Amino acid sequence: MGEYSLKDIYNVLTKNDAIYLLELIHESIFCNSDEDLIRLINKFNHLVPFNKIDPNLVRENCLNFRLQYWADTYRKYNAPRVFVSRAEDFGLKSGYTDGMRNLKGDKGSLFSFAGRSINRDVRTEILLRYFIPHLHQILIRIFCKKRHCNTTLSRREKEVLKWIKEGKSTWEISKILSISQNTVKFHIKQIMRKLDAVKRTQAVAIALEQGLIDTD
């Protein structure tokens with residue numbers, strides 16, 4: 001499934017879709033428990049009606065960690081007719097699965113949305129692509145809370161992260177801190193590893209959430 005441009009999003013999502021999605025993403029920042037996660041997912045039901053959330057890990061997710069429509073996966077692996085028939089009995093023929101993995105690749109998440117009324121369409125795919133990364137981050141937050149995760153960053157790493165938060169590029173940070181671009185890249189790699197983040201913006205969000213850098 002290809003990526004969607006801003007033009008695609010503008011043409012497909014309604015104003016109400018976009019506003020509600022942004023509200024859910026904002027709310028996700030404050031989700032810290034299993035109950036919060038379930039409540040948020042239930043609210044997402046207003047955008048993408050689904051009957052069940054199937055937590056079972058599937059091979060395709062582990063291999064690619066990208067959005068997949070179940071019918072495509074069934075065809076790809078030539079799923080037995082008996083399996084497909086039984087899935088239909090439980091309303092599990094139509095659905096989407098997506099997930100993310102951490103930078104080290106040793107942990108991952110999976111979210112499956114199933115329902116008799118879920119058909120393959122661009123609107124649903126855009127909504128899932130933008131919402132699921134935030135669900136993934138909630139899971140990481142809950143996991144860390146239960147495991148009492150304590151992340152520490154060096155003074156230099158905090159400085160680099162602060163300038164990333166300000167939107168500075170690697171080159172700009174190197175000039176501000178009077179260090180080479182390779183050194184900046186090294187610090188960013190260390191930050192991503194420590195925070196278990198896959199994107200710079202995600203690393204900033206995690207650091208802010210854990211109080212590792214100031215919001216100012």
# chains A, B, ... in the order shown; residues from 1 in each chain; ligands from 1

call {"tool": "residues_around", "arguments": {"residues": "Leu21 of chain A", "least_positions_apart": "4", "cutoff": "9 Å", "atoms": "only C-alpha atoms", "output": "JSON, numbers by chain"}}
result
{"A": [16, 17, 25, 26, 44, 47, 127, 130, 131]}

call {"tool": "write_last_selection", "arguments": {"atoms": "N, CA and C atoms", "output": "PDB file, in the first residue's frame"}}
result
ATOM      1  N   ASN A  16     -14.430  17.404   9.397  1.00  0.00           N
ATOM      2  CA  ASN A  16     -14.758  16.751  10.671  1.00  0.00           C
ATOM      3  C   ASN A  16     -13.837  15.566  10.940  1.00  0.00           C
ATOM      4  N   ASP A  17     -13.499  14.810   9.875  1.00  0.00           N
ATOM      5  CA  ASP A  17     -12.548  13.691  10.016  1.00  0.00           C
ATOM      6  C   ASP A  17     -11.230  14.204  10.584  1.00  0.00           C
ATOM      7  N   ILE A  25      -5.424  12.283  18.538  1.00  0.00           N
ATOM      8  CA  ILE A  25      -3.966  12.287  18.638  1.00  0.00           C
ATOM      9  C   ILE A  25      -3.526  13.104  19.853  1.00  0.00           C
ATOM     10  N   HIS A  26      -4.167  14.255  20.058  1.00  0.00           N
ATOM     11  CA  HIS A  26      -3.859  15.079  21.233  1.00  0.00           C
ATOM     12  C   HIS A  26      -4.190  14.322  22.521  1.00  0.00           C
ATOM     13  N   PHE A  44     -12.088   5.967  18.492  1.00  0.00           N
ATOM     14  CA  PHE A  44     -11.681   5.871  17.092  1.00  0.00           C
ATOM     15  C   PHE A  44     -12.747   5.154  16.271  1.00  0.00           C
ATOM     16  N   LEU A  47     -14.690   7.014  13.746  1.00  0.00           N
ATOM     17  CA  LEU A  47     -14.097   7.287  12.438  1.00  0.00           C
ATOM     18  C   LEU A  47     -14.056   6.042  11.566  1.00  0.00           C
ATOM     19  N   LEU A 127      -6.573   7.333   7.856  1.00  0.00           N
ATOM     20  CA  LEU A 127      -6.872   7.463   9.281  1.00  0.00           C
ATOM     21  C   LEU A 127      -6.038   6.498  10.113  1.00  0.00           C
ATOM     22  N   TYR A 130      -2.212   7.437  10.318  1.00  0.00           N
ATOM     23  CA  TYR A 130      -1.887   8.563  11.186  1.00  0.00           C
ATOM     24  C   TYR A 130      -2.201   8.297  12.655  1.00  0.00           C
ATOM     25  N   PHE A 131      -3.095   7.368  12.925  1.00  0.00           N
ATOM     26  CA  PHE A 131      -3.517   7.128  14.305  1.00  0.00           C
ATOM     27  C   PHE A 131      -2.718   6.018  14.983  1.00  0.00           C
TER      28      PHE A 131
END

call {"tool": "closest_residue", "arguments": {"among": "A:Ile126, A:Ile38, A:Leu135, A:Leu67", "to": "Thr14 of chain A", "atoms": "only C-alpha atoms"}}
result
A:Ile126

call {"tool": "atom_distance", "arguments": {"atom1": "atom CA of Ile191 of chain A", "atom2": "atom CA of Glu166 of chain A"}}
result
16.0 Å

call {"tool": "residues_around", "arguments": {"residues": "Ile173 of chain A", "least_positions_apart": "4", "cutoff": "12 Å", "atoms": "only C-alpha atoms", "output": "PDB file with N, CA and C atoms, in the first residue's frame"}}
result
ATOM      1  N   ARG A 156      24.897  16.573  26.682  1.00  0.00           N
ATOM      2  CA  ARG A 156      24.988  16.860  25.256  1.00  0.00           C
ATOM      3  C   ARG A 156      23.771  16.310  24.503  1.00  0.00           C
ATOM      4  N   GLU A 157      23.330  15.121  24.866  1.00  0.00           N
ATOM      5  CA  GLU A 157      22.159  14.527  24.212  1.00  0.00           C
ATOM      6  C   GLU A 157      20.922  15.389  24.441  1.00  0.00           C
ATOM      7  N   GLU A 159      20.960  18.605  24.927  1.00  0.00           N
ATOM      8  CA  GLU A 159      21.140  19.811  24.110  1.00  0.00           C
ATOM      9  C   GLU A 159      20.733  19.552  22.666  1.00  0.00           C
ATOM     10  N   VAL A 160      21.185  18.423  22.130  1.00  0.00           N
ATOM     11  CA  VAL A 160      20.842  18.059  20.753  1.00  0.00           C
ATOM     12  C   VAL A 160      19.333  17.902  20.619  1.00  0.00           C
ATOM     13  N   LEU A 161      18.728  17.225  21.575  1.00  0.00           N
ATOM     14  CA  LEU A 161      17.288  16.978  21.525  1.00  0.00           C
ATOM     15  C   LEU A 161      16.497  18.283  21.628  1.00  0.00           C
ATOM     16  N   LYS A 162      17.005  19.210  22.438  1.00  0.00           N
ATOM     17  CA  LYS A 162      16.342  20.505  22.579  1.00  0.00           C
ATOM     18  C   LYS A 162      16.295  21.235  21.237  1.00  0.00           C
ATOM     19  N   TRP A 163      17.396  21.174  20.486  1.00  0.00           N
ATOM     20  CA  TRP A 163      17.420  21.858  19.202  1.00  0.00           C
ATOM     21  C   TRP A 163      16.618  21.110  18.139  1.00  0.00           C
ATOM     22  N   ILE A 164      16.528  19.790  18.272  1.00  0.00           N
ATOM     23  CA  ILE A 164      15.643  19.029  17.380  1.00  0.00           C
ATOM     24  C   ILE A 164      14.206  19.483  17.615  1.00  0.00           C
ATOM     25  N   LYS A 165      13.869  19.685  18.887  1.00  0.00           N
ATOM     26  CA  LYS A 165      12.521  20.162  19.241  1.00  0.00           C
ATOM     27  C   LYS A 165      12.234  21.516  18.604  1.00  0.00           C
ATOM     28  N   GLU A 166      13.270  22.319  18.463  1.00  0.00           N
ATOM     29  CA  GLU A 166      13.112  23.646  17.862  1.00  0.00           C
ATOM     30  C   GLU A 166      13.073  23.583  16.343  1.00  0.00           C
ATOM     31  N   GLY A 167      13.191  22.367  15.793  1.00  0.00           N
ATOM     32  CA  GLY A 167      13.100  22.214  14.346  1.00  0.00           C
ATOM     33  C   GLY A 167      14.403  22.397  13.603  1.00  0.00           C
ATOM     34  N   LYS A 168      15.523  22.367  14.321  1.00  0.00           N
ATOM     35  CA  LYS A 168      16.819  22.566  13.679  1.00  0.00           C
ATOM     36  C   LYS A 168      17.288  21.299  12.970  1.00  0.00           C
ATOM     37  N   SER A 169      17.989  21.490  11.861  1.00  0.00           N
ATOM     38  CA  SER A 169      18.537  20.371  11.102  1.00  0.00           C
ATOM     39  C   SER A 169      19.846  19.907  11.735  1.00  0.00           C
ATOM     40  N   LEU A 177      26.232  24.078  18.270  1.00  0.00           N
ATOM     41  CA  LEU A 177      27.001  23.442  19.337  1.00  0.00           C
ATOM     42  C   LEU A 177      28.498  23.354  19.031  1.00  0.00           C
ATOM     43  N   SER A 178      28.878  23.829  17.850  1.00  0.00           N
ATOM     44  CA  SER A 178      30.292  23.805  17.436  1.00  0.00           C
ATOM     45  C   SER A 178      30.869  22.386  17.448  1.00  0.00           C
ATOM     46  N   ILE A 179      30.123  21.461  16.890  1.00  0.00           N
ATOM     47  CA  ILE A 179      30.584  20.078  16.744  1.00  0.00           C
ATOM     48  C   ILE A 179      30.305  19.644  15.303  1.00  0.00           C
ATOM     49  N   SER A 180      30.888  18.538  14.901  1.00  0.00           N
ATOM     50  CA  SER A 180      30.709  18.081  13.532  1.00  0.00           C
ATOM     51  C   SER A 180      29.310  17.483  13.333  1.00  0.00           C
ATOM     52  N   GLN A 181      28.886  17.400  12.076  1.00  0.00           N
ATOM     53  CA  GLN A 181      27.598  16.792  11.766  1.00  0.00           C
ATOM     54  C   GLN A 181      27.599  15.312  12.142  1.00  0.00           C
ATOM     55  N   ASN A 182      28.733  14.652  11.960  1.00  0.00           N
ATOM     56  CA  ASN A 182      28.818  13.231  12.342  1.00  0.00           C
ATOM     57  C   ASN A 182      28.616  13.048  13.841  1.00  0.00           C
ATOM     58  N   THR A 183      29.136  13.989  14.628  1.00  0.00           N
ATOM     59  CA  THR A 183      28.952  13.913  16.079  1.00  0.00           C
ATOM     60  C   THR A 183      27.481  14.111  16.434  1.00  0.00           C
ATOM     61  N   VAL A 184      26.834  15.039  15.749  1.00  0.00           N
ATOM     62  CA  VAL A 184      25.399  15.257  15.974  1.00  0.00           C
ATOM     63  C   VAL A 184      24.624  13.986  15.634  1.00  0.00           C
ATOM     64  N   LYS A 185      24.958  13.385  14.495  1.00  0.00           N
ATOM     65  CA  LYS A 185      24.285  12.150  14.086  1.00  0.00           C
ATOM     66  C   LYS A 185      24.497  11.040  15.104  1.00  0.00           C
ATOM     67  N   HIS A 187      24.990  11.436  18.357  1.00  0.00           N
ATOM     68  CA  HIS A 187      24.154  11.735  19.522  1.00  0.00           C
ATOM     69  C   HIS A 187      22.682  11.407  19.240  1.00  0.00           C
ATOM     70  N   ILE A 188      22.245  11.723  18.033  1.00  0.00           N
ATOM     71  CA  ILE A 188      20.851  11.438  17.665  1.00  0.00           C
ATOM     72  C   ILE A 188      20.600   9.933  17.683  1.00  0.00           C
TER      73      ILE A 188
END

call {"tool": "atom_distance", "arguments": {"atom1": "atom CA of Ile9 of chain A", "atom2": "atom CA of Arg123 of chain A"}}
result
8.0 Å

call {"tool": "closest_residue", "arguments": {"among": "A:Lys43, A:Val122, A:Thr151, A:Leu110", "to": "Gln210 of chain A", "atoms": "only C-alpha atoms"}}
result
A:Thr151

call {"tool": "select_by_dssp", "arguments": {"residues": "segment 110-208 of chain A", "states": "alpha helix (DSSP H)", "output": "VMD selection string"}}
result
chain A and resid 122 to 147 155 to 165 170 to 177 181 to 195 200 to 208

call {"tool": "write_last_selection", "arguments": {"atoms": "C-alpha atoms", "output": "PDB file, in the first residue's frame"}}
result
ATOM      1  CA  VAL A 122      -8.271   5.376   1.010  1.00  0.00           C
ATOM      2  CA  ARG A 123     -10.014   7.246   3.849  1.00  0.00           C
ATOM      3  CA  THR A 124      -9.706   4.312   6.256  1.00  0.00           C
ATOM      4  CA  GLU A 125      -6.067   3.755   5.314  1.00  0.00           C
ATOM      5  CA  ILE A 126      -5.146   7.403   5.883  1.00  0.00           C
ATOM      6  CA  LEU A 127      -6.872   7.463   9.281  1.00  0.00           C
ATOM      7  CA  LEU A 128      -5.134   4.267  10.386  1.00  0.00           C
ATOM      8  CA  ARG A 129      -1.712   5.365   9.145  1.00  0.00           C
ATOM      9  CA  TYR A 130      -1.887   8.563  11.186  1.00  0.00           C
ATOM     10  CA  PHE A 131      -3.517   7.128  14.305  1.00  0.00           C
ATOM     11  CA  ILE A 132      -1.753   3.791  14.866  1.00  0.00           C
ATOM     12  CA  PRO A 133       1.723   5.274  15.579  1.00  0.00           C
ATOM     13  CA  HIS A 134       0.153   7.078  18.535  1.00  0.00           C
ATOM     14  CA  LEU A 135      -1.456   3.862  19.776  1.00  0.00           C
ATOM     15  CA  HIS A 136       1.982   2.253  19.531  1.00  0.00           C
ATOM     16  CA  GLN A 137       3.463   5.007  21.668  1.00  0.00           C
ATOM     17  CA  ILE A 138       0.758   4.527  24.306  1.00  0.00           C
ATOM     18  CA  LEU A 139       1.679   0.839  24.515  1.00  0.00           C
ATOM     19  CA  ILE A 140       5.348   1.734  24.971  1.00  0.00           C
ATOM     20  CA  ARG A 141       4.400   4.228  27.677  1.00  0.00           C
ATOM     21  CA  ILE A 142       2.255   1.668  29.518  1.00  0.00           C
ATOM     22  CA  PHE A 143       4.978  -0.965  29.172  1.00  0.00           C
ATOM     23  CA  CYS A 144       7.613   1.383  30.577  1.00  0.00           C
ATOM     24  CA  LYS A 145       5.335   2.368  33.428  1.00  0.00           C
ATOM     25  CA  LYS A 146       4.810  -1.248  34.379  1.00  0.00           C
ATOM     26  CA  ARG A 147       8.531  -1.992  34.022  1.00  0.00           C
ATOM     27  CA  ARG A 155      23.955  16.772  28.907  1.00  0.00           C
ATOM     28  CA  ARG A 156      24.988  16.860  25.256  1.00  0.00           C
ATOM     29  CA  GLU A 157      22.159  14.527  24.212  1.00  0.00           C
ATOM     30  CA  LYS A 158      19.670  16.820  25.937  1.00  0.00           C
ATOM     31  CA  GLU A 159      21.140  19.811  24.110  1.00  0.00           C
ATOM     32  CA  VAL A 160      20.842  18.059  20.753  1.00  0.00           C
ATOM     33  CA  LEU A 161      17.288  16.978  21.525  1.00  0.00           C
ATOM     34  CA  LYS A 162      16.342  20.505  22.579  1.00  0.00           C
ATOM     35  CA  TRP A 163      17.420  21.858  19.202  1.00  0.00           C
ATOM     36  CA  ILE A 164      15.643  19.029  17.380  1.00  0.00           C
ATOM     37  CA  LYS A 165      12.521  20.162  19.241  1.00  0.00           C
ATOM     38  CA  THR A 170      21.636  18.271  11.754  1.00  0.00           C
ATOM     39  CA  TRP A 171      23.791  20.916  10.074  1.00  0.00           C
ATOM     40  CA  GLU A 172      22.240  23.745  12.105  1.00  0.00           C
ATOM     41  CA  ILE A 173      22.740  21.862  15.370  1.00  0.00           C
ATOM     42  CA  SER A 174      26.381  21.212  14.488  1.00  0.00           C
ATOM     43  CA  LYS A 175      26.922  24.948  14.001  1.00  0.00           C
ATOM     44  CA  ILE A 176      25.063  25.919  17.174  1.00  0.00           C
ATOM     45  CA  LEU A 177      27.001  23.442  19.337  1.00  0.00           C
ATOM     46  CA  GLN A 181      27.598  16.792  11.766  1.00  0.00           C
ATOM     47  CA  ASN A 182      28.818  13.231  12.342  1.00  0.00           C
ATOM     48  CA  THR A 183      28.952  13.913  16.079  1.00  0.00           C
ATOM     49  CA  VAL A 184      25.399  15.257  15.974  1.00  0.00           C
ATOM     50  CA  LYS A 185      24.285  12.150  14.086  1.00  0.00           C
ATOM     51  CA  PHE A 186      25.997   9.969  16.696  1.00  0.00           C
ATOM     52  CA  HIS A 187      24.154  11.735  19.522  1.00  0.00           C
ATOM     53  CA  ILE A 188      20.851  11.438  17.665  1.00  0.00           C
ATOM     54  CA  LYS A 189      21.442   7.707  17.175  1.00  0.00           C
ATOM     55  CA  GLN A 190      22.113   7.325  20.900  1.00  0.00           C
ATOM     56  CA  ILE A 191      19.009   9.335  21.771  1.00  0.00           C
ATOM     57  CA  MET A 192      16.831   7.217  19.492  1.00  0.00           C
ATOM     58  CA  ARG A 193      18.243   4.027  20.997  1.00  0.00           C
ATOM     59  CA  LYS A 194      17.741   5.145  24.593  1.00  0.00           C
ATOM     60  CA  LEU A 195      14.219   6.413  23.994  1.00  0.00           C
ATOM     61  CA  ARG A 200      13.100  12.407  15.673  1.00  0.00           C
ATOM     62  CA  THR A 201       9.680  13.870  16.406  1.00  0.00           C
ATOM     63  CA  GLN A 202       8.792  10.744  18.328  1.00  0.00           C
ATOM     64  CA  ALA A 203      11.999  11.049  20.378  1.00  0.00           C
ATOM     65  CA  VAL A 204      11.089  14.633  21.270  1.00  0.00           C
ATOM     66  CA  ALA A 205       7.574  13.587  22.323  1.00  0.00           C
ATOM     67  CA  ILE A 206       8.937  10.791  24.528  1.00  0.00           C
ATOM     68  CA  ALA A 207      11.532  13.078  26.114  1.00  0.00           C
ATOM     69  CA  LEU A 208       8.925  15.734  26.881  1.00  0.00           C
TER      70      LEU A 208
END

call {"tool": "atom_distance", "arguments": {"atom1": "atom CA of Asp8 of chain A", "atom2": "atom CA of Gly99 of chain A"}}
result
22.0 Å

call {"tool": "closest_residue", "arguments": {"among": "A:Phe30, A:Lys199, A:Tyr69, A:Tyr20", "to": "His46 of chain A", "atoms": "only C-alpha atoms"}}
result
A:Tyr20
